[in-house]
Structure formats: structure tokens, C-alpha cells
>>> print(open('final.cif').read())   # mmCIF, C-alpha atoms and all ligand atoms
data_my_file
#
loop_
_atom_site.label_atom_id
_atom_site.label_comp_id
_atom_site.auth_asym_id
_atom_site.auth_seq_id
_atom_site.Cartn_x
_atom_site.Cartn_y
_atom_site.Cartn_z
CA MET W 1 15.67 -8.68 7.98
CA PHE W 2 17.31 -11.34 5.85
CA PRO W 3 15.20 -12.81 3.06
CA ASP W 4 18.05 -15.17 2.23
CA ALA W 5 18.49 -16.38 5.81
CA GLY W 6 17.19 -19.87 6.56
CA PRO W 7 14.12 -20.41 8.75
CA ASP W 8 16.34 -21.86 11.46
CA ASP W 9 18.65 -18.86 11.65
CA PRO W 10 18.36 -17.04 14.96
CA THR W 11 16.32 -13.89 15.45
CA VAL W 12 18.85 -11.26 16.42
CA THR W 13 18.11 -8.19 18.50
CA ALA W 14 20.17 -5.23 17.32
CA MET W 15 20.37 -1.49 17.83
CA ARG W 16 21.54 1.25 15.51
CA ALA W 17 25.23 1.99 15.86
CA ARG W 18 26.22 5.62 16.29
CA GLU W 19 28.29 5.56 13.09
CA LEU W 20 25.09 5.36 11.04
CA GLY W 21 24.62 9.05 11.82
CA ARG W 22 21.15 10.29 10.97
CA LYS W 23 20.30 7.44 8.65
CA SER W 24 17.23 5.66 9.93
CA VAL W 25 16.62 1.95 9.75
CA VAL W 26 13.17 0.95 8.55
CA VAL W 27 11.36 -2.36 8.33
CA GLY W 28 12.60 -4.30 5.33
CA ASP W 29 16.11 -2.89 5.46
CA ARG W 30 18.94 -5.31 4.94
CA VAL W 31 21.66 -4.50 7.37
CA GLY W 32 25.20 -5.37 8.36
CA LEU W 33 25.59 -6.49 11.98
CA VAL W 34 28.51 -6.69 14.39
CA GLY W 35 28.68 -7.90 17.96
CA ASP W 36 26.69 -10.73 19.48
CA THR W 37 24.56 -12.14 16.65
CA SER W 38 23.86 -15.43 18.43
CA GLY W 39 20.24 -14.54 19.15
CA ALA W 40 20.71 -15.82 22.72
CA PRO W 41 18.52 -14.20 25.39
CA GLY W 42 19.92 -10.80 26.31
CA ALA W 43 22.33 -10.74 23.35
CA LEU W 44 22.53 -7.39 21.57
CA ALA W 45 24.14 -6.77 18.18
CA ARG W 46 24.78 -3.44 16.46
CA ILE W 47 23.61 -2.33 13.02
CA VAL W 48 26.62 -0.77 11.31
CA ARG W 49 25.53 -0.67 7.69
CA ILE W 50 22.29 -0.35 5.72
CA ALA W 51 22.38 -1.97 2.30
CA GLU W 52 21.26 0.01 -0.71
CA ARG W 53 17.47 -0.20 -0.92
CA ARG W 54 15.94 -1.98 -3.91
CA SER W 55 12.66 -0.12 -3.40
CA VAL W 56 11.37 2.51 -1.00
CA LEU W 57 7.69 2.90 -0.25
CA ARG W 58 7.00 6.41 1.03
CA ARG W 59 4.02 8.39 2.08
CA THR W 60 3.53 11.95 3.25
CA ALA W 61 1.15 13.18 5.90
CA GLU W 62 -0.54 15.40 3.34
CA ASP W 63 -0.56 16.01 -0.39
CA ASP W 64 0.51 19.61 -0.52
CA ALA W 65 4.31 19.88 -0.63
CA THR W 66 4.15 23.57 0.30
CA THR W 67 2.98 22.84 3.86
CA ALA W 68 5.05 21.46 6.75
CA GLU W 69 2.80 18.39 6.92
CA GLY W 70 3.18 17.82 3.20
CA ARG W 71 6.95 17.85 3.54
CA LEU W 72 6.88 15.36 6.39
CA GLU W 73 7.78 12.27 4.46
CA ARG W 74 7.80 8.80 5.96
CA VAL W 75 9.46 5.75 4.57
CA VAL W 76 6.89 3.04 5.17
CA VAL W 77 9.11 0.12 4.25
CA ALA W 78 12.25 -0.71 2.27
CA ASN W 79 12.90 -3.47 -0.25
CA ALA W 80 9.29 -4.54 -0.75
CA ASP W 81 8.47 -6.28 -4.03
CA GLN W 82 4.70 -6.18 -3.67
CA LEU W 83 2.20 -3.73 -2.17
CA VAL W 84 -0.82 -5.59 -0.85
CA ILE W 85 -3.58 -2.98 -0.78
CA VAL W 86 -6.00 -4.29 1.83
CA SER W 87 -9.54 -2.99 1.58
CA ALA W 88 -12.59 -4.36 3.38
CA LEU W 89 -15.73 -4.79 1.28
CA ALA W 90 -17.72 -3.54 4.28
CA ASP W 91 -17.13 -2.35 7.79
CA PRO W 92 -15.24 -0.10 6.98
CA PRO W 93 -16.57 0.37 3.42
CA PRO W 94 -14.11 0.37 0.51
CA ARG W 95 -12.76 3.70 -0.70
CA THR W 96 -11.56 3.57 -4.28
CA GLY W 97 -9.92 6.98 -3.82
CA PHE W 98 -7.65 5.42 -1.20
CA ILE W 99 -6.91 2.42 -3.40
CA ASP W 100 -6.06 4.79 -6.27
CA ARG W 101 -3.56 6.58 -4.04
CA CYS W 102 -1.93 3.31 -3.06
CA LEU W 103 -1.65 2.37 -6.73
CA VAL W 104 0.13 5.66 -7.46
CA ALA W 105 2.54 5.03 -4.58
CA ALA W 106 3.18 1.46 -5.75
CA TYR W 107 3.88 2.35 -9.38
CA ASP W 108 6.01 5.31 -8.27
CA ALA W 109 8.13 3.06 -6.04
CA ASP W 110 8.29 0.30 -8.67
CA ILE W 111 6.46 -2.15 -6.40
CA GLU W 112 3.80 -4.44 -7.84
CA PRO W 113 0.30 -3.89 -6.51
CA LEU W 114 -2.06 -6.62 -5.34
CA LEU W 115 -5.60 -5.76 -4.31
CA CYS W 116 -6.72 -7.76 -1.30
CA LEU W 117 -10.46 -7.46 -0.64
CA THR W 118 -11.34 -8.66 2.86
CA LYS W 119 -14.68 -9.28 4.60
CA ALA W 120 -16.11 -10.83 1.44
CA ASP W 121 -18.55 -12.56 3.79
CA LEU W 122 -20.17 -9.16 4.43
CA ALA W 123 -20.47 -7.71 0.88
CA GLY W 124 -19.74 -8.59 -2.73
CA PRO W 125 -16.73 -7.27 -4.68
CA GLU W 126 -18.60 -6.35 -7.89
CA ALA W 127 -18.68 -2.59 -7.41
CA VAL W 128 -14.98 -2.31 -6.55
CA LEU W 129 -13.86 -4.71 -9.26
CA GLY W 130 -16.08 -2.94 -11.80
CA TYR W 131 -14.19 0.27 -11.12
CA TYR W 132 -10.87 -1.40 -11.99
CA THR W 133 -12.01 -3.38 -15.05
CA GLU W 134 -9.58 -1.68 -17.46
CA LEU W 135 -6.62 -2.12 -15.14
CA GLU W 136 -6.04 -5.89 -14.99
CA LEU W 137 -5.21 -5.41 -11.35
CA PRO W 138 -4.47 -8.72 -9.65
CA TYR W 139 -6.77 -9.32 -6.70
CA VAL W 140 -7.72 -11.85 -4.04
CA LEU W 141 -10.97 -12.16 -2.08
CA ILE W 142 -10.75 -13.01 1.61
CA ARG W 143 -13.45 -14.28 3.93
CA PRO W 144 -12.94 -15.81 7.35
CA ASP W 145 -13.29 -19.36 6.02
CA SER W 146 -11.52 -18.87 2.67
CA ASP W 147 -8.64 -21.00 1.57
CA LEU W 148 -5.47 -18.90 1.44
CA ALA W 149 -3.62 -20.99 -1.16
CA ALA W 150 -4.07 -18.44 -3.95
CA LEU W 151 -2.79 -15.64 -1.74
CA ARG W 152 0.15 -17.72 -0.52
CA ALA W 153 1.11 -18.43 -4.14
CA LEU W 154 1.14 -14.67 -4.87
CA LEU W 155 3.26 -13.99 -1.78
CA ALA W 156 5.78 -16.77 -2.42
CA GLY W 157 9.37 -15.72 -3.03
CA ARG W 158 8.69 -12.03 -2.43
CA VAL W 159 8.60 -9.41 0.26
CA SER W 160 5.04 -8.05 0.47
CA VAL W 161 3.83 -5.12 2.53
CA MET W 162 0.20 -4.67 3.52
CA VAL W 163 -1.34 -1.22 3.70
CA GLY W 164 -4.90 -0.21 4.43
CA HIS W 165 -7.25 1.69 6.70
CA SER W 166 -7.55 0.69 10.32
CA GLY W 167 -9.94 -2.20 10.89
CA VAL W 168 -9.83 -3.72 7.39
CA GLY W 169 -8.35 -6.95 8.73
CA LYS W 170 -4.63 -6.77 8.00
CA SER W 171 -3.53 -8.29 11.31
CA THR W 172 -6.34 -10.86 11.18
CA LEU W 173 -4.99 -12.00 7.83
CA VAL W 174 -1.38 -12.03 9.03
CA ASN W 175 -2.41 -14.23 11.95
CA ARG W 176 -3.98 -16.68 9.53
CA LEU W 177 -0.92 -16.69 7.28
CA VAL W 178 1.58 -16.87 10.16
CA PRO W 179 -0.24 -18.49 13.09
CA GLU W 180 2.57 -17.84 15.57
CA ALA W 181 2.55 -14.12 14.71
CA GLU W 182 -0.09 -13.40 17.37
CA ARG W 183 -0.72 -9.90 16.07
CA ALA W 184 -3.26 -8.02 18.16
CA VAL W 185 -6.60 -7.62 16.43
CA GLY W 186 -9.05 -4.80 17.09
CA THR W 187 -12.74 -4.18 16.66
CA VAL W 188 -14.52 -1.83 14.29
CA SER W 189 -16.82 0.78 15.79
CA ALA W 190 -20.46 1.27 14.85
CA ILE W 191 -19.50 4.03 12.43
CA GLY W 192 -17.09 1.72 10.65
CA ARG W 193 -13.81 3.04 12.00
CA GLY W 194 -10.99 0.81 13.15
CA ARG W 195 -9.21 1.50 16.40
CA HIS W 196 -5.63 1.68 15.15
CA THR W 197 -4.77 -1.52 16.95
CA SER W 198 -1.39 -2.07 15.30
CA THR W 199 1.09 0.68 16.08
CA SER W 200 4.24 -0.44 14.30
CA ALA W 201 5.22 -2.33 11.17
CA VAL W 202 6.45 -5.89 11.61
CA ALA W 203 7.97 -8.22 9.02
CA LEU W 204 7.20 -11.92 9.36
CA ARG W 205 8.54 -14.89 7.52
CA LEU W 206 5.74 -16.93 5.94
CA PRO W 207 5.78 -20.61 6.90
CA PRO W 208 6.80 -23.17 4.27
CA GLN W 209 3.89 -25.06 2.72
CA PRO W 210 3.91 -28.84 2.33
CA ASP W 211 2.83 -28.63 -1.32
CA ALA W 212 5.19 -25.83 -2.45
CA ASP W 213 8.94 -25.64 -2.91
CA GLY W 214 11.08 -22.59 -2.48
CA ASP W 215 10.92 -19.46 -0.40
CA PRO W 216 7.39 -18.79 0.93
CA GLY W 217 8.23 -15.07 1.20
CA TRP W 218 7.80 -12.39 3.83
CA ILE W 219 4.75 -10.40 4.86
CA ILE W 220 4.88 -7.00 6.52
CA ASP W 221 1.91 -5.89 8.66
CA THR W 222 1.64 -2.12 9.07
CA PRO W 223 -0.52 0.16 11.22
CA GLY W 224 -3.73 1.39 9.62
CA VAL W 225 -3.45 4.75 7.85
CA ARG W 226 -6.13 7.36 7.37
CA SER W 227 -4.82 8.47 4.03
CA PHE W 228 -1.84 7.99 1.77
CA GLY W 229 -0.34 11.43 1.14
CA LEU W 230 1.42 11.79 -2.19
CA ALA W 231 3.27 15.11 -1.94
CA HIS W 232 6.50 13.27 -2.82
CA VAL W 233 5.12 12.11 -6.19
CA SER W 234 5.51 14.49 -9.13
CA ALA W 235 2.45 15.50 -11.14
CA GLU W 236 3.81 13.52 -14.08
CA SER W 237 4.33 10.38 -11.98
CA LEU W 238 0.79 10.61 -10.60
CA LEU W 239 -0.42 9.57 -14.02
CA HIS W 240 1.51 6.30 -13.76
CA GLY W 241 -0.97 5.19 -11.12
CA PHE W 242 -3.59 5.37 -13.87
CA PRO W 243 -2.30 3.07 -16.61
CA ASP W 244 -5.82 3.03 -18.07
CA LEU W 245 -5.44 6.76 -18.83
CA VAL W 246 -1.75 7.07 -19.79
CA GLU W 247 -2.17 6.03 -23.42
CA ALA W 248 -4.63 8.84 -24.13
CA THR W 249 -2.22 11.59 -23.14
CA VAL W 250 -0.08 11.20 -26.28
CA ASP W 251 -2.81 13.24 -27.99
CA CYS W 252 -2.64 16.05 -25.43
CA PRO W 253 -1.19 19.42 -26.42
CA ALA W 254 2.37 20.13 -25.22
CA ASN W 255 2.51 21.00 -21.51
CA CYS W 256 -1.06 19.87 -20.94
CA GLN W 257 -1.66 19.68 -17.18
CA HIS W 258 -4.59 17.25 -17.67
CA THR W 259 -6.82 19.24 -15.33
CA ALA W 260 -10.52 19.78 -16.01
CA GLU W 261 -9.65 23.39 -16.99
CA GLU W 262 -7.43 22.27 -19.89
CA ALA W 263 -9.63 22.84 -22.94
CA ASP W 264 -7.84 20.32 -25.20
CA CYS W 265 -6.86 17.62 -22.73
CA ALA W 266 -7.26 14.34 -24.61
CA LEU W 267 -8.43 12.53 -21.50
CA ASP W 268 -11.96 13.92 -21.82
CA ALA W 269 -12.40 12.52 -25.33
CA TRP W 270 -10.84 9.20 -24.23
CA VAL W 271 -13.43 8.79 -21.50
CA ALA W 272 -16.23 10.02 -23.75
CA ARG W 273 -15.29 7.24 -26.21
CA GLY W 274 -15.70 4.71 -23.41
CA LYS W 275 -11.99 3.85 -23.26
CA ALA W 276 -11.79 4.41 -19.52
CA ASP W 277 -14.14 4.82 -16.59
CA PRO W 278 -15.07 8.49 -16.04
CA ARG W 279 -14.75 7.91 -12.29
CA ARG W 280 -11.08 7.04 -12.75
CA LEU W 281 -10.47 10.31 -14.62
CA ALA W 282 -12.31 12.18 -11.88
CA SER W 283 -10.18 10.44 -9.25
CA TYR W 284 -6.97 11.35 -11.10
CA ARG W 285 -8.04 14.98 -11.36
CA ARG W 286 -9.00 15.05 -7.70
CA LEU W 287 -5.48 13.90 -6.85
CA LEU W 288 -4.00 16.57 -9.11
CA ALA W 289 -6.13 19.23 -7.38
CA SER W 290 -5.35 17.88 -3.93
CA ARG W 291 -1.62 18.18 -4.54
CA SER W 292 -1.97 21.86 -5.25
CA GLY W 293 -3.91 22.36 -2.02
CA GLU W 294 -7.35 22.61 -3.62
CA GLY W 295 -8.68 19.28 -2.39
CA ASP W 296 -10.76 18.68 0.68
CA PRO W 297 -8.19 17.67 3.30
CA ARG W 298 -10.79 16.06 5.55
CA GLU W 299 -11.75 13.25 3.24
CA PRO W 300 -8.90 12.93 0.78
CA GLU W 301 -9.44 9.23 0.19
CA ARG W 302 -13.13 9.36 -0.66
CA ASN W 303 -14.21 9.47 -4.28
CA PRO W 304 -17.65 10.95 -4.92
CA GLY W 305 -17.88 8.27 -7.59
CA ASP W 306 -17.13 5.60 -5.01
CA PRO W 307 -19.37 2.58 -5.33
CA LEU W 308 -20.25 2.93 -1.67
CA ALA W 309 -19.55 6.59 -1.04
CA GLY W 310 -21.57 8.06 1.75
CA SER W 311 -22.38 4.72 3.32
N1 LIG I 401 -16.64 -10.40 8.97
C1 LIG I 401 -15.31 -10.33 8.87
N2 LIG I 401 -14.61 -9.68 9.83
C2 LIG I 401 -13.27 -9.60 9.71
C3 LIG I 401 -12.57 -10.18 8.61
N3 LIG I 401 -11.25 -9.92 8.75
C4 LIG I 401 -11.12 -9.19 9.89
N4 LIG I 401 -12.33 -9.02 10.48
C5 LIG I 401 -12.60 -8.27 11.74
O1 LIG I 401 -12.22 -6.89 11.57
C6 LIG I 401 -11.77 -6.33 12.81
C7 LIG I 401 -10.45 -5.58 12.63
O2 LIG I 401 -9.44 -6.48 12.25
P1 LIG I 401 -7.85 -6.17 12.41
O3 LIG I 401 -7.15 -7.39 11.86
O4 LIG I 401 -7.50 -5.72 13.78
O5 LIG I 401 -7.67 -4.93 11.41
P2 LIG I 401 -6.30 -4.15 11.04
O6 LIG I 401 -6.40 -3.85 9.57
O7 LIG I 401 -5.11 -4.90 11.49
O8 LIG I 401 -6.48 -2.79 11.87
P3 LIG I 401 -5.32 -1.78 12.43
O9 LIG I 401 -4.29 -2.59 13.13
O10 LIG I 401 -6.09 -0.88 13.35
O11 LIG I 401 -4.80 -1.05 11.23
C8 LIG I 401 -11.69 -7.52 13.77
O12 LIG I 401 -12.84 -7.48 14.62
C9 LIG I 401 -11.71 -8.74 12.88
O13 LIG I 401 -12.26 -9.87 13.52
C10 LIG I 401 -13.35 -10.89 7.60
O14 LIG I 401 -12.84 -11.41 6.59
N5 LIG I 401 -14.71 -10.91 7.79
MG MG I 402 -3.52 -4.37 12.72
#
>>> encode(input="final.cif", output="C-alpha cells", more="lines below")
Ligand SMILES: Nc1nc2c(ncn2[C@@H]2O[C@H](COP(=O)(O)OP(=O)(O)OP(=O)(O)O)[C@@H](O)[C@H]2O)c(=O)[nH]1
Ligand SMILES: [Mg+2]
Amino acid sequence: MFPDAGPDDPTVTAMRARELGRKSVVVGDRVGLVGDTSGAPGALARIVRIAERRSVLRRTAEDDATTAEGRLERVVVANADQLVIVSALADPPPRTGFIDRCLVAAYDADIEPLLCLTKADLAGPEAVLGYYTELELPYVLIRPDSDLAALRALLAGRVSVMVGHSGVGKSTLVNRLVPEAERAVGTVSAIGRGRHTSTSAVALRLPPQPDADGDPGWIIDTPGVRSFGLAHVSAESLLHGFPDLVEATVDCPANCQHTAEEADCALDAWVARGKADPRRLASYRRLLASRSGEGDPREPERNPGDPLAGS
């Protein structure tokens, strides 16, 4: 994809050239092409070079790097500037544990997070936003009839990738932002599960707006994920997903692991003094435990402290 290409440049179909060896091309990659780049029907170009990636968003199937699943690492997308964490306010219910994982992945990959709360027509955002009060996390609220100007302004000039559970409304939103995208949209079952309607990631150029100059940006729709495995993130980097806790750790003893078993971990006092939400500390510690294989693999994204846990 070519963020600097004009809107009238042709869409080129290309395949990987053999000389790329085992290097895989992912959505968002900027590539060098040879052959027929006219974009004419039936024309096929070859990808001969992959440019150095500015950012790489990864996830693993599991958290535990000692298992085969935990080592199975997937590059979700290359060169994204912004991670749009899409969470429905209902149907399926929000899971702050999942959002916390996405935040860790975003900060680890040096991609800015944006919280996108959909289905605001079905439930209010207070509980979720209350959980992130100390974070100054940028967010947008989406309902079927909402004006998308604020979101468009946040997407302008950047490459944004949407991630979220199945059925939260990623493709619905992409279709509103890019009407000619015609992304298939699924239904949500009675138990609040999506049907994994989208099966591959697709990057789309956002249309220019009459009242805004400059590059409107790109949006990448991705298939719904059940969880966001973080085996590739070091224990130290996990903490960067919790900027509301980082400051406290300067008072920790040397080599403090920040687990609940650490007698002198400064995080406990920090939370006791009301400097951060105890649910955030619990979420961080659950991630730490999950990475060492102690977590519950069935529901890794659910926080017991979740505003809507169990619903
Ligand atoms: N009430 C309400 N329903 C919505 C909203 N946005 C999406 N939906 C519905 O949610 C269902 C799932 O939407 P999709 O856009 O397919 O969800 P997705 O996130 O792309 O799902 P996957 O492709 O499976 O990952 C559809 O029935 C949509 O009509 C919203 O803001 N409000
Ligand atoms: Mg979809």
C-alpha cells in the first residue's frame, strides 16, 4: 500500500516474487514492484522488495512463550501509526482486560492507541471510561446515527488499524467511513458472540472530506480476535501498557517483579493512596501471571473487576 500515492493512482494486483525468500508481506507493508503496474484488468506485478517497517503490530496465539502456541507469533499489520481499539458497549459486552492487552501491544509497538466505543445506542460508556480515568486515553463514541467528523479528524494523515472482538462493529464502521468498501457485516448471537465475519485484514483509503485539507488517512479492518496474546512482550514492557502505574515503580526494591507475592512492591501502596485504580493493578498482575502460564487460558481477556464482567 502507498500512503503517498494519489487517490487516482491505479490499484495494482501483485504477487510475492521468489527472491523475497521466506519474508512475508503483510497488510500495511510498503513494497517495491516490478512488471505490469498499470492496474489494467488481468495485469499482475511482482513484489520484489519490502521497505523497512516503521512499526510492527504483533500478537501471539497465547501468552506463555514456553508453549508452541505462545511462540506462534503473527504480525497483524506493518507501518500503522494508530491502533483503534474497538469495543462495543454491549452485545458483546466490553472487556477491559482485552482493552488493557491492546494497550500493552500498542505501547510496545510504538503505535498510538485510540479507544473506539461502539453501540453507544445500547449502553452508556461511564463504566469503561471510569476504569481509564487516570490514563487520558483518547476515545470516540459511536452510535449508528453519530456524526463521524471527530473520528475522521483523528484518522486524518495516519494509517490506523482497528482491532477488536468479533461482532463489535469494525466492518460496520469501515463501511460508514468508506462507503464503497462494502465490507461484509455479520450478526451477533444471543450469547453476545460475533460470527467472525471478516477473515482477512484489508487497508482502505479514507475518502477526502469537503471541509478538510490534506491526506484523510488509511483505515485497516481486521478479523475479530478472541484474545490478544502477549508472549512477545517482555515482563518489563508489559508495564508500559499501564502508564498510570509506571511512576510508582521507582520506589520498588531492585529486581522487584511487581507480583502480588512481592512484599515490598510499591504498587500496592500507590493504589492504597488512591493514585491508581486497584482494578488496573489487578489487571496488570493478571497479565504477569498469564505470561508465566498461571492464568486461566479460557478467558484471558476478562477482568474480574470488569464493569460488566459476567454479563
Ligand atoms: N446497535 C448497534 N449495532 C451495531 C453497531 N455497530 C455495529 N452493529 C451491529 O453489530 C453486528 C456486527 O457488526 P460487524 O461490523 O460485522 O462486526 P465486526 O467487528 O466487523 O465483526 P468480525 O468481522 O466478525 O470481527 C452487526 O449486526 C451490526 O449491524 C452500533 O453502533 N449499534
Ligand atoms: Mg468484520
>>> atom_distance(input="final.cif", atom1="atom O13 of ligand LIG 401 (chain I)", atom2="atom CA of W:Gly169")
6.8 Å
>>> residues_near_ligand(input="final.cif", ligand="ligand MG 402 (chain I)", cutoff="8 Å", atoms="all atoms listed in the file", output="list in words")
Ser166, Gly167, Gly169, Lys170, Ser171, Thr172, Arg183, Ala184, Val185, Gly186, His196, Thr197, Ser198, Thr199, Asp221, Thr222, Pro223 and Gly224 of chain W
>>> closest_residue(input="final.cif", among="W:Ala120, W:Leu33, W:Ala181, W:Leu103", to="ligand LIG 401 (chain I)", atoms="all atoms listed in the file")
W:Ala120
>>> atom_distance(input="final.cif", atom1="atom N1 of ligand LIG 401 (chain I)", atom2="atom CA of W:Arg205")
25.6 Å
>>> residues_around(input="final.cif", residues="stretch 131-138 of chain W", least_positions_apart="3", cutoff="8 Å", atoms="all atoms listed in the file", output="ChimeraX atom specification")
/W:113-115,127-128,243-244,276-277,279-280
>>> closest_residue(input="final.cif", among="W:Thr67, W:Thr187, W:Ser55, W:Ser87", to="ligand LIG 401 (chain I)", atoms="all atoms listed in the file")
W:Thr187
>>> atom_distance(input="final.cif", atom1="atom CA of W:Leu154", atom2="atom CA of W:Phe98")
22.2 Å
>>> closest_residue(input="final.cif", among="W:Pro278, W:Gly21, W:Pro92, W:Pro208", to="ligand LIG 401 (chain I)", atoms="only C-alpha atoms and all ligand atoms")
W:Pro92
>>> decode(input="final.cif", residues="stretch 185-195 of chain W", atoms="all heavy atoms", output="mmCIF file, in the first residue's frame")
data_model
loop_
_atom_site.group_PDB
_atom_site.id
_atom_site.type_symbol
_atom_site.label_atom_id
_atom_site.label_comp_id
_atom_site.auth_asym_id
_atom_site.auth_seq_id
_atom_site.Cartn_x
_atom_site.Cartn_y
_atom_site.Cartn_z
ATOM 1 N N VAL W 185 -20.819 -7.634 6.798
ATOM 2 C CA VAL W 185 -21.145 -7.384 8.194
ATOM 3 C C VAL W 185 -21.928 -8.582 8.727
ATOM 4 O O VAL W 185 -22.784 -9.124 8.032
ATOM 5 C CB VAL W 185 -21.972 -6.079 8.303
ATOM 6 C CG1 VAL W 185 -22.652 -5.963 9.641
ATOM 7 C CG2 VAL W 185 -21.079 -4.876 8.043
ATOM 8 N N GLY W 186 -21.599 -9.002 9.944
ATOM 9 C CA GLY W 186 -22.254 -10.191 10.498
ATOM 10 C C GLY W 186 -23.299 -9.857 11.534
ATOM 11 O O GLY W 186 -23.635 -8.698 11.752
ATOM 12 N N THR W 187 -23.813 -10.865 12.184
ATOM 13 C CA THR W 187 -24.769 -10.656 13.271
ATOM 14 C C THR W 187 -24.119 -11.156 14.553
ATOM 15 O O THR W 187 -23.117 -11.863 14.524
ATOM 16 C CB THR W 187 -26.062 -11.459 13.037
ATOM 17 O OG1 THR W 187 -25.694 -12.805 12.760
ATOM 18 C CG2 THR W 187 -26.859 -10.883 11.896
ATOM 19 N N VAL W 188 -24.700 -10.769 15.676
ATOM 20 C CA VAL W 188 -24.189 -11.209 16.970
ATOM 21 C C VAL W 188 -25.204 -12.184 17.551
ATOM 22 O O VAL W 188 -26.408 -11.918 17.539
ATOM 23 C CB VAL W 188 -23.965 -9.989 17.889
ATOM 24 C CG1 VAL W 188 -23.579 -10.430 19.277
ATOM 25 C CG2 VAL W 188 -22.882 -9.089 17.290
ATOM 26 N N SER W 189 -24.725 -13.310 18.037
ATOM 27 C CA SER W 189 -25.643 -14.340 18.532
ATOM 28 C C SER W 189 -26.256 -13.935 19.861
ATOM 29 O O SER W 189 -25.832 -12.957 20.488
ATOM 30 C CB SER W 189 -24.889 -15.653 18.713
ATOM 31 O OG SER W 189 -24.040 -15.543 19.836
ATOM 32 N N ALA W 190 -27.229 -14.715 20.307
ATOM 33 C CA ALA W 190 -27.934 -14.396 21.551
ATOM 34 C C ALA W 190 -26.987 -14.349 22.742
ATOM 35 O O ALA W 190 -27.219 -13.619 23.704
ATOM 36 C CB ALA W 190 -29.030 -15.423 21.788
ATOM 37 N N ILE W 191 -25.897 -15.100 22.697
ATOM 38 C CA ILE W 191 -24.972 -15.059 23.835
ATOM 39 C C ILE W 191 -23.885 -14.006 23.633
ATOM 40 O O ILE W 191 -22.866 -13.981 24.320
ATOM 41 C CB ILE W 191 -24.333 -16.447 24.127
ATOM 42 C CG1 ILE W 191 -23.663 -17.019 22.878
ATOM 43 C CG2 ILE W 191 -25.363 -17.405 24.704
ATOM 44 C CD1 ILE W 191 -22.699 -18.156 23.173
ATOM 45 N N GLY W 192 -24.100 -13.124 22.667
ATOM 46 C CA GLY W 192 -23.186 -11.994 22.521
ATOM 47 C C GLY W 192 -21.871 -12.327 21.842
ATOM 48 O O GLY W 192 -20.865 -11.655 22.051
ATOM 49 N N ARG W 193 -21.858 -13.337 21.012
ATOM 50 C CA ARG W 193 -20.632 -13.648 20.267
ATOM 51 C C ARG W 193 -20.814 -13.251 18.815
ATOM 52 O O ARG W 193 -21.847 -13.514 18.209
ATOM 53 C CB ARG W 193 -20.382 -15.162 20.313
ATOM 54 C CG ARG W 193 -19.929 -15.647 21.668
ATOM 55 C CD ARG W 193 -18.503 -16.202 21.600
ATOM 56 N NE ARG W 193 -17.942 -16.252 22.943
ATOM 57 C CZ ARG W 193 -18.015 -17.332 23.717
ATOM 58 N NH1 ARG W 193 -18.573 -18.421 23.261
ATOM 59 N NH2 ARG W 193 -17.496 -17.317 24.918
ATOM 60 N N GLY W 194 -19.760 -12.677 18.234
ATOM 61 C CA GLY W 194 -19.791 -12.389 16.806
ATOM 62 C C GLY W 194 -19.544 -13.675 16.039
ATOM 63 O O GLY W 194 -19.235 -14.719 16.622
ATOM 64 N N ARG W 195 -19.671 -13.587 14.737
ATOM 65 C CA ARG W 195 -19.539 -14.789 13.916
ATOM 66 C C ARG W 195 -18.263 -14.817 13.077
ATOM 67 O O ARG W 195 -18.172 -15.561 12.118
ATOM 68 C CB ARG W 195 -20.756 -14.920 13.007
ATOM 69 C CG ARG W 195 -22.028 -15.064 13.815
ATOM 70 C CD ARG W 195 -23.239 -15.289 12.960
ATOM 71 N NE ARG W 195 -24.456 -15.134 13.726
ATOM 72 C CZ ARG W 195 -24.976 -16.075 14.516
ATOM 73 N NH1 ARG W 195 -24.391 -17.238 14.629
ATOM 74 N NH2 ARG W 195 -26.090 -15.852 15.184
#
